[in-house]
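> Submitted below is the structure of interest, expressed as structure tokens.
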There are 4 protein chains.
Amino acid sequence: MTVHTSALADHACLIVHGPDRPGIVAAVTALIARNGGNITTLDQYSSNADGGEYFQRVVFHRPDLAAAMPVIEEDLTATVTPLGLEWTLTDQSIPKRMAILASTSDHCLLELLWRHRRGELPVTIPMVISNHTNTAEDVRSFGIPFFHVPSQGPDKSEAEAKILDLLRGNVDFVVLARYMQIISEDFLDAVGVPVINIHHSFLPAFIGAAPYRKAKERGVKLIGATSHYVTKDLDEGPIIEQDVARVDHSMSAADLQARGAYVERAVLSRAVQWHAQDRIIRDGNQTIVFS
Amino acid sequence: MTVHTSALADHACLIVHGPDRPGIVAAVTALIARNGGNITTLDQYSSNADGGEYFQRVVFHRPDLAAAMPVIEEDLTATVTPLGLEWTLTDQSIPKRMAILASTSDHCLLELLWRHRRGELPVTIPMVISNHTNTAEDVRSFGIPFFHVPSQGPDKSEAEAKILDLLRGNVDFVVLARYMQIISEDFLDAVGVPVINIHHSFLPAFIGAAPYRKAKERGVKLIGATSHYVTKDLDEGPIIEQDVARVDHSMSAADLQARGAYVERAVLSRAVQWHAQDRIIRDGNQTIVFS
Amino acid sequence: MTVHTSALADHACLIVHGPDRPGIVAAVTALIARNGGNITTLDQYSSNADGGEYFQRVVFHRPDLAAAMPVIEEDLTATVTPLGLEWTLTDQSIPKRMAILASTSDHCLLELLWRHRRGELPVTIPMVISNHTNTAEDVRSFGIPFFHVPSQGPDKSEAEAKILDLLRGNVDFVVLARYMQIISEDFLDAVGVPVINIHHSFLPAFIGAAPYRKAKERGVKLIGATSHYVTKDLDEGPIIEQDVARVDHSMSAADLQARGAYVERAVLSRAVQWHAQDRIIRDGNQTIVFS
Amino acid sequence: MTVHTSALADHACLIVHGPDRPGIVAAVTALIARNGGNITTLDQYSSNADGGEYFQRVVFHRPDLAAAMPVIEEDLTATVTPLGLEWTLTDQSIPKRMAILASTSDHCLLELLWRHRRGELPVTIPMVISNHTNTAEDVRSFGIPFFHVPSQGPDKSEAEAKILDLLRGNVDFVVLARYMQIISEDFLDAVGVPVINIHHSFLPAFIGAAPYRKAKERGVKLIGATSHYVTKDLDEGPIIEQDVARVDHSMSAADLQARGAYVERAVLSRAVQWHAQDRIIRDGNQTIVFS
């Protein structure tokens, strides 16, 4: 279960991923031990007992980690790479840099800013970009830069270029906090970092626009929200987290939307926290979440 | 909220439905008062404050109800019908007769039989019909008749005719407790009573066959079940109740199915209880549920 | 189910309460009809079918309500009072005035301010009073007056007197949004309006101070929060709403507290909304909640 | 998350427990690797980063496990014991033997029998013992022996002696499925295996008898159930699992009890499944649950 935490001094997170075979855990944990690390969390998953895909996340404490990182990486290259495994080693004391793209709706945006201020999201927030200005004052009251990049008609290329200029080199991932603009393939190619979206339905139900109206028309008894990585296939990217709330016949589409806002902000917050803590591994169009 | 209950002596349930206008509640409650009834529950809903559709459910206690029913019905015809309203009056001391159609899966079937034995479903169960025989002994141990009507290939007409022969005149509604056979339009026309189904997904997601496999492939984080009235449009009938359970990447499609079984039996049980207590009003392809 | 709403023009809410007897609903609804009202919501509850206590809430629409109020009240006095019933009639277009008392914790306070700004709480907020100053800037950014009244040692009488001076005549109810000070009997006697508290446990478990630490020590698997009316018996007042969140062995008491914050703000928000909409009737040490 | 499963051929579960120190994971996983095992699940928890208590559960696959067990145990004694750690190695292909003690209530009892028949509980059930006879036929219809041991007045020693005679040597753990008799200290000393109880409240709220009545009187908005290991301190043993259900003012104590029955059977089932899969480690009066 996710534990409330900020960045962790002298802790590293090692993600290992590749074809399963006996002895991986032993090899990896021996490597950590001989490099002076003490494991605090270890999760692993194999997609299939016989020859499946293997995924492992280890967090370990190592005094003077920053100095030791190159040596550990060398050892990983020498020991783990030959096993056919890919690995990523990150220093958990360095928070990821998260940009937020927003629009007029403030609920997801403010929830992230507020959790960040409480120390519950191990990230820095170098900027919020919005195609409207209504949230500028709120954002700046948290001490965070706000940039206004208006959307201008069907040709989004100019606006996207401006956003890319702002993001380039400054962020480790991007969160669409009810941004409500379709992101182009070109943008995704250019941005070069993961993009997390919150969709206001329980995907794959009610794909596309106006999901609360569709939910009302279909007469569902629960509404939901879905956070997923953005890919070129709209609303089809790997799902990170979902949740639902109960509704009934007496509620209008606007009522569903108001209630849904609370599901959206909770679901997006969990997705962001897990991503920031390297708890999510993408596996094709699915996710492994070591929550 | 639904209260645990069996059939209620000397209680009537009045459903009123039609175009909204001022004074309906007053007219209906005055009628009940002058006929010696004491209201124990009243729920109403208007689809629109200005000229919408009005729905009301009233349960009232009336000593010697059976004798008074014709007089009350006469009063309703004289007073409520002229307001353009449709009404239904039912004696809550008479349990509805429920037939269950099942297949090899036993979880929904046994849940209904077990809740019935505990006195939580105000119904009688004149028969269980299955296209397999594996549950025969279990069903009969509850003192309930079991009939075996095998499904025989793509032409279902013969099996459906046999089922209709068994049901005709003997039941007030039919429950498909994971029956797994597509019901023909002819059957629905002929059966003449409501048919309730449990679908093993959170509709409208994963319509059609093998929803747990599809859920696994899509990588959803919650699985669900949906109980709905059966119409000619497969998986598209009015939704009565839905619920979900949390799943994760480590679970196989078979695991999802096993976990989903517990959602299915809970969702179907609530739908059956509400239907048996006249708590559901159909409104086009939606339901008003006074739960 | 509670519907998202702000204050409702030309709508009145009538609460009726007293010994049950046949015909109350008919008498009340006839009164509303003859005064030109159209009922939009009616809920009722009787504590006992035979001679129990009766509770009813009716919301009705009446054009030009403000002008008609005195006439309706006269009719209620003439018709409903003689039945031995107490009643309250409120104009739903007039939002209740809510004061918030807070301390250093900001999560419940900000949640209320934020929901209010979204138009989801039909109240005005004439003031926030805190015994610390850390939230002053946030509160004022919502356009709401902030007053600092420090708590000074064991003798709270001076601070309470200052708070009473601020509240007197200006508020219809008071919310303790993690105020963390014990309210004296004298204060409760003097304030003269309902006081709503949020307690950070699933009462009656973990009564008193430090509930998250106690929860950790006892090893519970769920933590909760409880909103209740404040009475002279600490933590013993009528419960309005409760909810829980799942926790596990790996979480520290601080983790429980962080997770619990999200339960607290949701539970308190629902309690405040229901109170503001006259959905709660106190019945001894219990509440009837027509949510 | 718990995966639906029955007993697992050639899989062992190793529990390790003791003072934390760097290198434990590496030492244990190296041991498993050199003994030909392939780890399929590894969970660990340390109560404190600096010198806390360490808990680890590893499941590994080892062809021809039964033959290799003595060698692995020898290696554990030589390698892990000197680290100051206690360990337990169990063959997951051998289901634990579970006795159920019941009384008149059948809901928890039948849920366990039915889940067992579905293959969801990796146990054998050598016997059900009840102080009443009403469930005898149901139990035997599952092919399970039923023994009637009446409770006879305040002196339980004779009945407990009979139960001990039945259990001795035949069971690995005992489940009290709403047994409703207080177990004596002598019984607990003599039985020599873990005893799991289901308590019909959200402990520590409503300790003792008649929790649903107390919940009604206190006016709570959620009711719960708690499964815990039985110790000499009544209702105070280590909590394994808890859950809740929503209730409201309109429900009687009997309604709460009916609704609570569904929480009880779900909570007890999860607790039994986790215990049967060696997922629970006791830590003083708390539990570590690797669910």
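A note on labels: chains of the structure tokens are A, B, ... as shown, every chain counts residues from 1, and ligands are counted from 1 in their shown order.
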Extract, using only C-alpha atoms, all DNA, RNA and protein residues at most 9 Å from segment 143-146 of chain D, discarding same-chain residues fewer than 5 positions from it, and format them as a list of chain:residue names.

D:Leu113, D:Ile125, D:Pro126, D:Met127, D:Val128, D:Ile129, D:Ser130, D:Thr133, D:Thr135, D:Ala136, D:Glu137

> Could you write out the selected residues, including C-alpha atoms, as an mmCIF file, in the first residue's frame?


```cif
data_model
loop_
_atom_site.group_PDB
_atom_site.id
_atom_site.type_symbol
_atom_site.label_atom_id
_atom_site.label_comp_id
_atom_site.auth_asym_id
_atom_site.auth_seq_id
_atom_site.Cartn_x
_atom_site.Cartn_y
_atom_site.Cartn_z
ATOM 1 C CA LEU D 113 -18.147 -24.577 2.844
ATOM 2 C CA ILE D 125 -12.259 -29.514 6.369
ATOM 3 C CA PRO D 126 -12.146 -32.651 8.492
ATOM 4 C CA MET D 127 -15.099 -31.621 10.646
ATOM 5 C CA VAL D 128 -17.733 -29.085 11.606
ATOM 6 C CA ILE D 129 -18.688 -29.010 15.283
ATOM 7 C CA SER D 130 -21.827 -27.238 16.437
ATOM 8 C CA THR D 133 -28.109 -29.511 15.102
ATOM 9 C CA THR D 135 -27.034 -27.108 10.154
ATOM 10 C CA ALA D 136 -26.204 -30.833 10.231
ATOM 11 C CA GLU D 137 -27.919 -31.701 6.965
#
```

> At a cut-off of 6 Å, which residues of chain B touch chain C? Count only C-alpha atoms and give the answer as a ChimeraX atom specification.

/B:22-23,26,29-30,33,38

> How would the residues just picked look written out with all heavy atoms as a JSON list (two decimals), in the first residue's frame?


```
[["chain", "number", "residue", "atom", "x", "y", "z"],
["B", 22, "PRO", "N", -48.82, 20.15, -10.25],
["B", 22, "PRO", "CA", -48.98, 20.42, -8.82],
["B", 22, "PRO", "C", -50.14, 19.60, -8.24],
["B", 22, "PRO", "O", -51.13, 19.36, -8.91],
["B", 22, "PRO", "CB", -49.29, 21.92, -8.77],
["B", 22, "PRO", "CG", -48.73, 22.48, -10.04],
["B", 22, "PRO", "CD", -48.87, 21.39, -11.06],
["B", 23, "GLY", "N", -49.97, 19.18, -6.99],
["B", 23, "GLY", "CA", -51.08, 18.57, -6.28],
["B", 23, "GLY", "C", -51.19, 17.07, -6.36],
["B", 23, "GLY", "O", -52.07, 16.49, -5.73],
["B", 26, "ALA", "N", -50.67, 15.47, -2.89],
["B", 26, "ALA", "CA", -51.83, 15.75, -2.04],
["B", 26, "ALA", "C", -53.02, 14.89, -2.43],
["B", 26, "ALA", "O", -53.71, 14.33, -1.56],
["B", 26, "ALA", "CB", -52.19, 17.25, -2.11],
["B", 29, "THR", "N", -52.24, 11.16, -1.44],
["B", 29, "THR", "CA", -52.19, 10.90, 0.01],
["B", 29, "THR", "C", -53.57, 11.12, 0.64],
["B", 29, "THR", "O", -53.93, 10.41, 1.59],
["B", 29, "THR", "CB", -51.14, 11.79, 0.70],
["B", 29, "THR", "OG1", -51.40, 13.17, 0.40],
["B", 29, "THR", "CG2", -49.74, 11.44, 0.21],
["B", 30, "ALA", "N", -54.34, 12.04, 0.11],
["B", 30, "ALA", "CA", -55.72, 12.22, 0.60],
["B", 30, "ALA", "C", -56.53, 10.97, 0.32],
["B", 30, "ALA", "O", -57.31, 10.50, 1.17],
["B", 30, "ALA", "CB", -56.36, 13.44, -0.06],
["B", 33, "ALA", "N", -55.62, 8.36, 2.82],
["B", 33, "ALA", "CA", -56.16, 8.69, 4.13],
["B", 33, "ALA", "C", -57.65, 8.39, 4.22],
["B", 33, "ALA", "O", -58.12, 7.80, 5.19],
["B", 33, "ALA", "CB", -55.88, 10.17, 4.45],
["B", 38, "ASN", "N", -52.50, 4.17, 6.41],
["B", 38, "ASN", "CA", -51.47, 4.98, 7.05],
["B", 38, "ASN", "C", -50.16, 4.77, 6.31],
["B", 38, "ASN", "O", -49.62, 3.67, 6.27],
["B", 38, "ASN", "CB", -51.31, 4.59, 8.53],
["B", 38, "ASN", "CG", -50.41, 5.58, 9.26],
["B", 38, "ASN", "OD1", -50.33, 6.75, 8.88],
["B", 38, "ASN", "ND2", -49.73, 5.10, 10.29]]
```

> Do a neighbour search on Tyr262 of chain C at 10 Å with only C-alpha atoms, toss out local chain neighbours closer than 3 positions, and write the hits as a list of chain:residue names.

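So, after excluding close chain neighbours, the residues are A:Ala266, C:His107, C:Cys108, C:Glu111, C:Gly224, C:Ala225, C:Val244, C:Ala245, C:Gln257, C:Ala258, C:Arg259, C:Arg265, C:Ala266, C:Val267.
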
> Name the residues in contact with segment 166-170 of chain C at a cut-off of 10 Å, using only C-alpha atoms, excluding same-chain residues fewer than 4 positions from it; report them as a list in words.

Arg97, Met98, Ala99, Ile125, Pro126, Met127, Ile129, Phe147, Glu160, Ala161, Lys162, Val174, Ala190, Val191, Gly192 and Val193 of chain C

> Let's have the selection written as a CSV table (one decimal), in the first residue's frame, with C-alpha atoms.


```csv
chain,number,residue,atom,x,y,z
C,97,ARG,CA,-24.7,31.6,7.6
C,98,MET,CA,-21.8,29.2,8.6
C,99,ALA,CA,-18.8,30.1,10.7
C,125,ILE,CA,-19.4,32.1,5.3
C,126,PRO,CA,-19.2,35.3,7.3
C,127,MET,CA,-16.0,34.4,9.0
C,129,ILE,CA,-11.9,32.0,13.3
C,147,PHE,CA,-10.1,36.4,12.7
C,160,GLU,CA,-14.4,31.7,24.1
C,161,ALA,CA,-15.9,35.1,25.1
C,162,LYS,CA,-14.1,36.7,22.1
C,174,VAL,CA,-20.7,26.7,13.5
C,190,ALA,CA,-24.3,30.7,24.9
C,191,VAL,CA,-23.7,30.1,21.2
C,192,GLY,CA,-27.4,29.2,20.6
C,193,VAL,CA,-26.8,27.6,17.2
```

> Just the number, please: distance in Å from atom CA of Ser227 of chain A to atom CA of Ala261 of chain C, one decimal.

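We find that atom CA of Ser227 of chain A and atom CA of Ala261 of chain C lie 22.1 Å from each other.
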
> Per DSSP on the backbone, what are the strand (DSSP E or B) residues of segment 29-63 of chain D, as a ChimeraX atom specification?

/D:38-46,53-61

> Segment 70-146 of chain C: which residues are alpha helix (DSSP H) by DSSP, as a CSV table (one decimal) with all heavy atoms, in the first residue's frame?


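And here's states-v1.csv as it stands now:
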```csv
chain,number,residue,atom,x,y,z
C,70,PRO,N,-45.9,34.0,5.6
C,70,PRO,CA,-46.7,34.2,6.8
C,70,PRO,C,-48.0,33.5,6.7
C,70,PRO,O,-48.5,32.9,7.7
C,70,PRO,CB,-46.9,35.8,6.8
C,70,PRO,CG,-45.8,36.3,5.9
C,70,PRO,CD,-45.5,35.3,4.9
C,71,VAL,N,-48.6,33.5,5.5
C,71,VAL,CA,-49.9,32.8,5.4
C,71,VAL,C,-49.7,31.3,5.6
C,71,VAL,O,-50.5,30.6,6.3
C,71,VAL,CB,-50.5,33.0,4.0
C,71,VAL,CG1,-51.9,32.4,3.9
C,71,VAL,CG2,-50.6,34.5,3.7
C,72,ILE,N,-48.7,30.7,5.0
C,72,ILE,CA,-48.4,29.3,5.2
C,72,ILE,C,-48.2,29.0,6.6
C,72,ILE,O,-48.7,28.0,7.2
C,72,ILE,CB,-47.3,28.8,4.3
C,72,ILE,CG1,-47.5,29.1,2.8
C,72,ILE,CG2,-47.0,27.3,4.5
C,72,ILE,CD1,-46.4,28.9,1.9
C,73,GLU,N,-47.4,29.8,7.3
C,73,GLU,CA,-47.1,29.6,8.7
C,73,GLU,C,-48.4,29.6,9.6
C,73,GLU,O,-48.6,28.9,10.5
C,73,GLU,CB,-46.1,30.6,9.2
C,73,GLU,CG,-44.7,30.3,8.7
C,73,GLU,CD,-43.7,31.4,8.9
C,73,GLU,OE1,-44.1,32.6,9.2
C,73,GLU,OE2,-42.5,31.2,8.9
C,74,GLU,N,-49.3,30.5,9.2
C,74,GLU,CA,-50.6,30.6,9.9
C,74,GLU,C,-51.4,29.3,9.7
C,74,GLU,O,-52.0,28.8,10.7
C,74,GLU,CB,-51.4,31.8,9.3
C,74,GLU,CG,-52.2,32.5,10.3
C,74,GLU,CD,-52.7,33.8,9.7
C,74,GLU,OE1,-51.9,34.8,9.5
C,74,GLU,OE2,-53.9,33.8,9.3
C,75,ASP,N,-51.4,28.8,8.5
C,75,ASP,CA,-52.1,27.6,8.2
C,75,ASP,C,-51.5,26.4,9.0
C,75,ASP,O,-52.2,25.6,9.5
C,75,ASP,CB,-52.0,27.4,6.7
C,75,ASP,CG,-53.1,26.4,6.2
C,75,ASP,OD1,-53.7,25.7,7.1
C,75,ASP,OD2,-53.3,26.3,5.0
C,76,LEU,N,-50.1,26.4,9.0
C,76,LEU,CA,-49.5,25.3,9.8
C,76,LEU,C,-49.9,25.4,11.3
C,76,LEU,O,-50.2,24.3,11.9
C,76,LEU,CB,-48.0,25.5,9.7
C,76,LEU,CG,-47.4,25.0,8.3
C,76,LEU,CD1,-46.0,25.6,8.1
C,76,LEU,CD2,-47.3,23.5,8.3
C,77,THR,N,-49.9,26.6,11.8
C,77,THR,CA,-50.3,26.7,13.2
C,77,THR,C,-51.8,26.3,13.4
C,77,THR,O,-52.1,25.6,14.4
C,77,THR,CB,-50.2,28.2,13.7
C,77,THR,OG1,-48.9,28.6,13.4
C,77,THR,CG2,-50.5,28.4,15.1
C,78,ALA,N,-52.6,26.5,12.5
C,78,ALA,CA,-54.0,26.2,12.6
C,78,ALA,C,-54.2,24.7,12.4
C,78,ALA,O,-55.1,24.1,13.0
C,78,ALA,CB,-54.8,27.0,11.6
C,79,THR,N,-53.4,24.1,11.5
C,79,THR,CA,-53.7,22.7,11.0
C,79,THR,C,-52.8,21.7,11.6
C,79,THR,O,-53.2,20.6,12.0
C,79,THR,CB,-53.6,22.7,9.5
C,79,THR,OG1,-54.2,23.8,8.9
C,79,THR,CG2,-54.3,21.4,9.0
C,107,HIS,N,-6.8,21.0,6.0
C,107,HIS,CA,-7.5,20.2,5.0
C,107,HIS,C,-9.0,20.3,5.0
C,107,HIS,O,-9.6,20.5,4.0
C,107,HIS,CB,-7.0,18.8,5.0
C,107,HIS,CG,-7.2,18.1,6.4
C,107,HIS,ND1,-6.4,18.4,7.5
C,107,HIS,CD2,-8.1,17.2,6.8
C,107,HIS,CE1,-6.8,17.6,8.5
C,107,HIS,NE2,-7.8,16.9,8.1
C,108,CYS,N,-9.6,20.3,6.2
C,108,CYS,CA,-11.0,20.4,6.3
C,108,CYS,C,-11.5,21.8,6.0
C,108,CYS,O,-12.5,22.1,5.3
C,108,CYS,CB,-11.5,20.0,7.7
C,108,CYS,SG,-11.4,18.2,8.0
C,109,LEU,N,-10.7,22.8,6.5
C,109,LEU,CA,-11.0,24.2,6.2
C,109,LEU,C,-11.0,24.5,4.7
C,109,LEU,O,-12.0,25.1,4.2
C,109,LEU,CB,-10.0,25.1,6.9
C,109,LEU,CG,-10.0,26.6,6.6
C,109,LEU,CD1,-11.3,27.2,7.0
C,109,LEU,CD2,-8.8,27.2,7.4
C,110,LEU,N,-10.0,24.2,4.0
C,110,LEU,CA,-9.8,24.5,2.6
C,110,LEU,C,-10.9,23.7,1.8
C,110,LEU,O,-11.4,24.2,0.8
C,110,LEU,CB,-8.4,24.2,2.1
C,110,LEU,CG,-7.3,25.1,2.6
C,110,LEU,CD1,-6.0,24.7,2.0
C,110,LEU,CD2,-7.6,26.5,2.3
C,111,GLU,N,-11.2,22.5,2.2
C,111,GLU,CA,-12.2,21.7,1.5
C,111,GLU,C,-13.5,22.4,1.5
C,111,GLU,O,-14.2,22.5,0.5
C,111,GLU,CB,-12.3,20.3,2.1
C,111,GLU,CG,-13.3,19.4,1.3
C,111,GLU,CD,-12.8,18.9,0.0
C,111,GLU,OE1,-11.5,18.9,-0.2
C,111,GLU,OE2,-13.6,18.4,-0.8
C,112,LEU,N,-13.9,22.9,2.7
C,112,LEU,CA,-15.2,23.7,2.8
C,112,LEU,C,-15.2,24.9,1.9
C,112,LEU,O,-16.1,25.3,1.2
C,112,LEU,CB,-15.5,24.0,4.2
C,112,LEU,CG,-15.8,22.8,5.1
C,112,LEU,CD1,-16.0,23.2,6.6
C,112,LEU,CD2,-17.1,22.0,4.7
C,113,LEU,N,-14.1,25.7,2.0
C,113,LEU,CA,-14.0,26.9,1.3
C,113,LEU,C,-14.1,26.7,-0.2
C,113,LEU,O,-14.7,27.4,-1.0
C,113,LEU,CB,-12.7,27.7,1.6
C,113,LEU,CG,-12.6,28.1,3.1
C,113,LEU,CD1,-11.3,28.9,3.3
C,113,LEU,CD2,-13.7,29.0,3.5
C,114,TRP,N,-13.4,25.6,-0.6
C,114,TRP,CA,-13.3,25.3,-2.1
C,114,TRP,C,-14.7,24.8,-2.6
C,114,TRP,O,-15.2,25.2,-3.7
C,114,TRP,CB,-12.2,24.3,-2.3
C,114,TRP,CG,-12.0,23.9,-3.7
C,114,TRP,CD1,-11.3,24.6,-4.6
C,114,TRP,CD2,-12.4,22.7,-4.3
C,114,TRP,NE1,-11.4,23.9,-5.8
C,114,TRP,CE2,-12.0,22.7,-5.6
C,114,TRP,CE3,-13.1,21.5,-3.9
C,114,TRP,CZ2,-12.3,21.7,-6.5
C,114,TRP,CZ3,-13.4,20.5,-4.8
C,114,TRP,CH2,-13.0,20.6,-6.1
C,115,ARG,N,-15.4,23.9,-1.8
C,115,ARG,CA,-16.7,23.5,-2.2
C,115,ARG,C,-17.7,24.7,-2.3
C,115,ARG,O,-18.6,24.7,-3.1
C,115,ARG,CB,-17.2,22.4,-1.3
C,115,ARG,CG,-16.4,21.1,-1.4
C,115,ARG,CD,-17.2,19.9,-0.9
C,115,ARG,NE,-16.4,18.7,-0.8
C,115,ARG,CZ,-16.8,17.5,-1.0
C,115,ARG,NH1,-18.1,17.3,-1.3
C,115,ARG,NH2,-16.0,16.5,-1.0
C,116,HIS,N,-17.5,25.6,-1.3
C,116,HIS,CA,-18.4,26.7,-1.3
C,116,HIS,C,-18.2,27.6,-2.5
C,116,HIS,O,-19.1,28.0,-3.2
C,116,HIS,CB,-18.1,27.5,0.0
C,116,HIS,CG,-18.9,28.8,0.0
C,116,HIS,ND1,-18.3,30.0,-0.1
C,116,HIS,CD2,-20.2,29.0,0.2
C,116,HIS,CE1,-19.2,31.0,0.0
C,116,HIS,NE2,-20.4,30.4,0.2
C,117,ARG,N,-16.9,27.8,-2.9
C,117,ARG,CA,-16.6,28.5,-4.1
C,117,ARG,C,-17.2,27.9,-5.4
C,117,ARG,O,-17.6,28.5,-6.3
C,117,ARG,CB,-15.1,28.7,-4.3
C,117,ARG,CG,-14.8,29.7,-5.4
C,117,ARG,CD,-13.3,30.1,-5.4
C,117,ARG,NE,-12.4,29.0,-5.8
C,117,ARG,CZ,-11.1,29.1,-5.9
C,117,ARG,NH1,-10.5,30.2,-5.5
C,117,ARG,NH2,-10.4,28.1,-6.3
C,136,ALA,N,-4.4,32.2,7.5
C,136,ALA,CA,-5.1,33.6,7.2
C,136,ALA,C,-5.1,33.9,5.8
C,136,ALA,O,-6.1,34.3,5.2
C,136,ALA,CB,-4.4,34.6,8.1
C,137,GLU,N,-3.9,33.8,5.1
C,137,GLU,CA,-3.8,34.3,3.7
C,137,GLU,C,-4.7,33.4,2.8
C,137,GLU,O,-5.4,33.9,1.9
C,137,GLU,CB,-2.3,34.2,3.3
C,137,GLU,CG,-2.0,35.1,2.1
C,137,GLU,CD,-0.5,35.0,1.8
C,137,GLU,OE1,0.3,34.7,2.7
C,137,GLU,OE2,-0.2,35.3,0.7
C,138,ASP,N,-4.6,32.1,3.0
C,138,ASP,CA,-5.5,31.2,2.2
C,138,ASP,C,-7.0,31.6,2.4
C,138,ASP,O,-7.7,31.7,1.4
C,138,ASP,CB,-5.3,29.8,2.7
C,138,ASP,CG,-4.1,29.1,1.9
C,138,ASP,OD1,-3.8,29.5,0.8
C,138,ASP,OD2,-3.5,28.2,2.5
C,139,VAL,N,-7.4,31.8,3.6
C,139,VAL,CA,-8.8,32.1,3.8
C,139,VAL,C,-9.2,33.4,3.1
C,139,VAL,O,-10.2,33.5,2.4
C,139,VAL,CB,-9.1,32.2,5.3
C,139,VAL,CG1,-10.5,32.7,5.6
C,139,VAL,CG2,-9.0,30.8,6.0
C,140,ARG,N,-8.4,34.4,3.3
C,140,ARG,CA,-8.7,35.7,2.7
C,140,ARG,C,-8.7,35.7,1.2
C,140,ARG,O,-9.3,36.4,0.5
C,140,ARG,CB,-7.8,36.8,3.3
C,140,ARG,CG,-8.2,37.1,4.7
C,140,ARG,CD,-7.2,38.1,5.4
C,140,ARG,NE,-7.6,38.3,6.8
C,140,ARG,CZ,-6.8,38.5,7.8
C,140,ARG,NH1,-5.5,38.6,7.6
C,140,ARG,NH2,-7.2,38.7,9.0
C,141,SER,N,-7.9,34.7,0.6
C,141,SER,CA,-7.8,34.7,-0.9
C,141,SER,C,-9.2,34.2,-1.4
C,141,SER,O,-9.5,34.3,-2.6
C,141,SER,CB,-6.7,33.7,-1.3
C,141,SER,OG,-7.1,32.4,-1.2
```

> Do you have the atom CA of Glu86 of chain A-atom CA of His228 of chain A distance handy?

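Pair atom CA of Glu86 of chain A / atom CA of His228 of chain A returns 23.1 Å.
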
> In Å, with one decimal, what is the gap from atom CA of Asp278 of chain C to atom CA of Ile15 of chain C?

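Calculated distance between atom CA of Asp278 of chain C and atom CA of Ile15 of chain C is 8.1 Å.
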
> For segment 273-276 of chain D, find every residue with an atom within 7 Å (counting only C-alpha atoms), except residues of its own chain fewer than 3 positions away, and show them as a PyMOL selection string.

chain D and resi 96+121-123+269-270+279-280+291

> Using C-alpha atoms, can you write the selected residues to a file as a PDB file, in the first residue's frame?


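Saved to result02.pdb:
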```
ATOM      1  CA  LYS D  96      -4.044 -27.008   6.037  1.00  0.00           C
ATOM      2  CA  LEU D 121      -9.799 -22.083   0.052  1.00  0.00           C
ATOM      3  CA  PRO D 122      -6.648 -24.235   0.039  1.00  0.00           C
ATOM      4  CA  VAL D 123      -7.752 -26.287   3.057  1.00  0.00           C
ATOM      5  CA  SER D 269     -13.551 -15.727   4.247  1.00  0.00           C
ATOM      6  CA  ARG D 270     -10.671 -13.402   3.493  1.00  0.00           C
ATOM      7  CA  ARG D 279       0.013 -14.706   4.432  1.00  0.00           C
ATOM      8  CA  ILE D 280      -0.375 -13.583   8.043  1.00  0.00           C
ATOM      9  CA  SER D 291      -2.375  -9.972   1.060  1.00  0.00           C
TER      10      SER D 291
END
```

> Set the distance at 12 Å and use only C-alpha atoms: which residues neighbour Lys214 of chain B once local chain neighbours fewer than 3 positions away are removed? I'd like the list as a list in words.

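Near neighbours after the sequence-gap exclusion: Pro204 of chain A; His200, Ser201, Phe202, Ala205, Phe206, Ile207, Gly208, Ala209, Ala210, Pro211, Glu217, Arg218, Gly219, Val220, Ile223, Ser252, Ala253, Ala254, Leu256 and Gln257 of chain B.
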
> Extract, using only C-alpha atoms, all DNA, RNA and protein residues at most 12 Å from Gly237 of chain A, discarding same-chain residues fewer than 2 positions from it, and format them as an NGL selection string.

(:A and (194-199 or 203-204 or 207 or 226-235 or 239-241 or 282-287)) or (:B and (218-220))
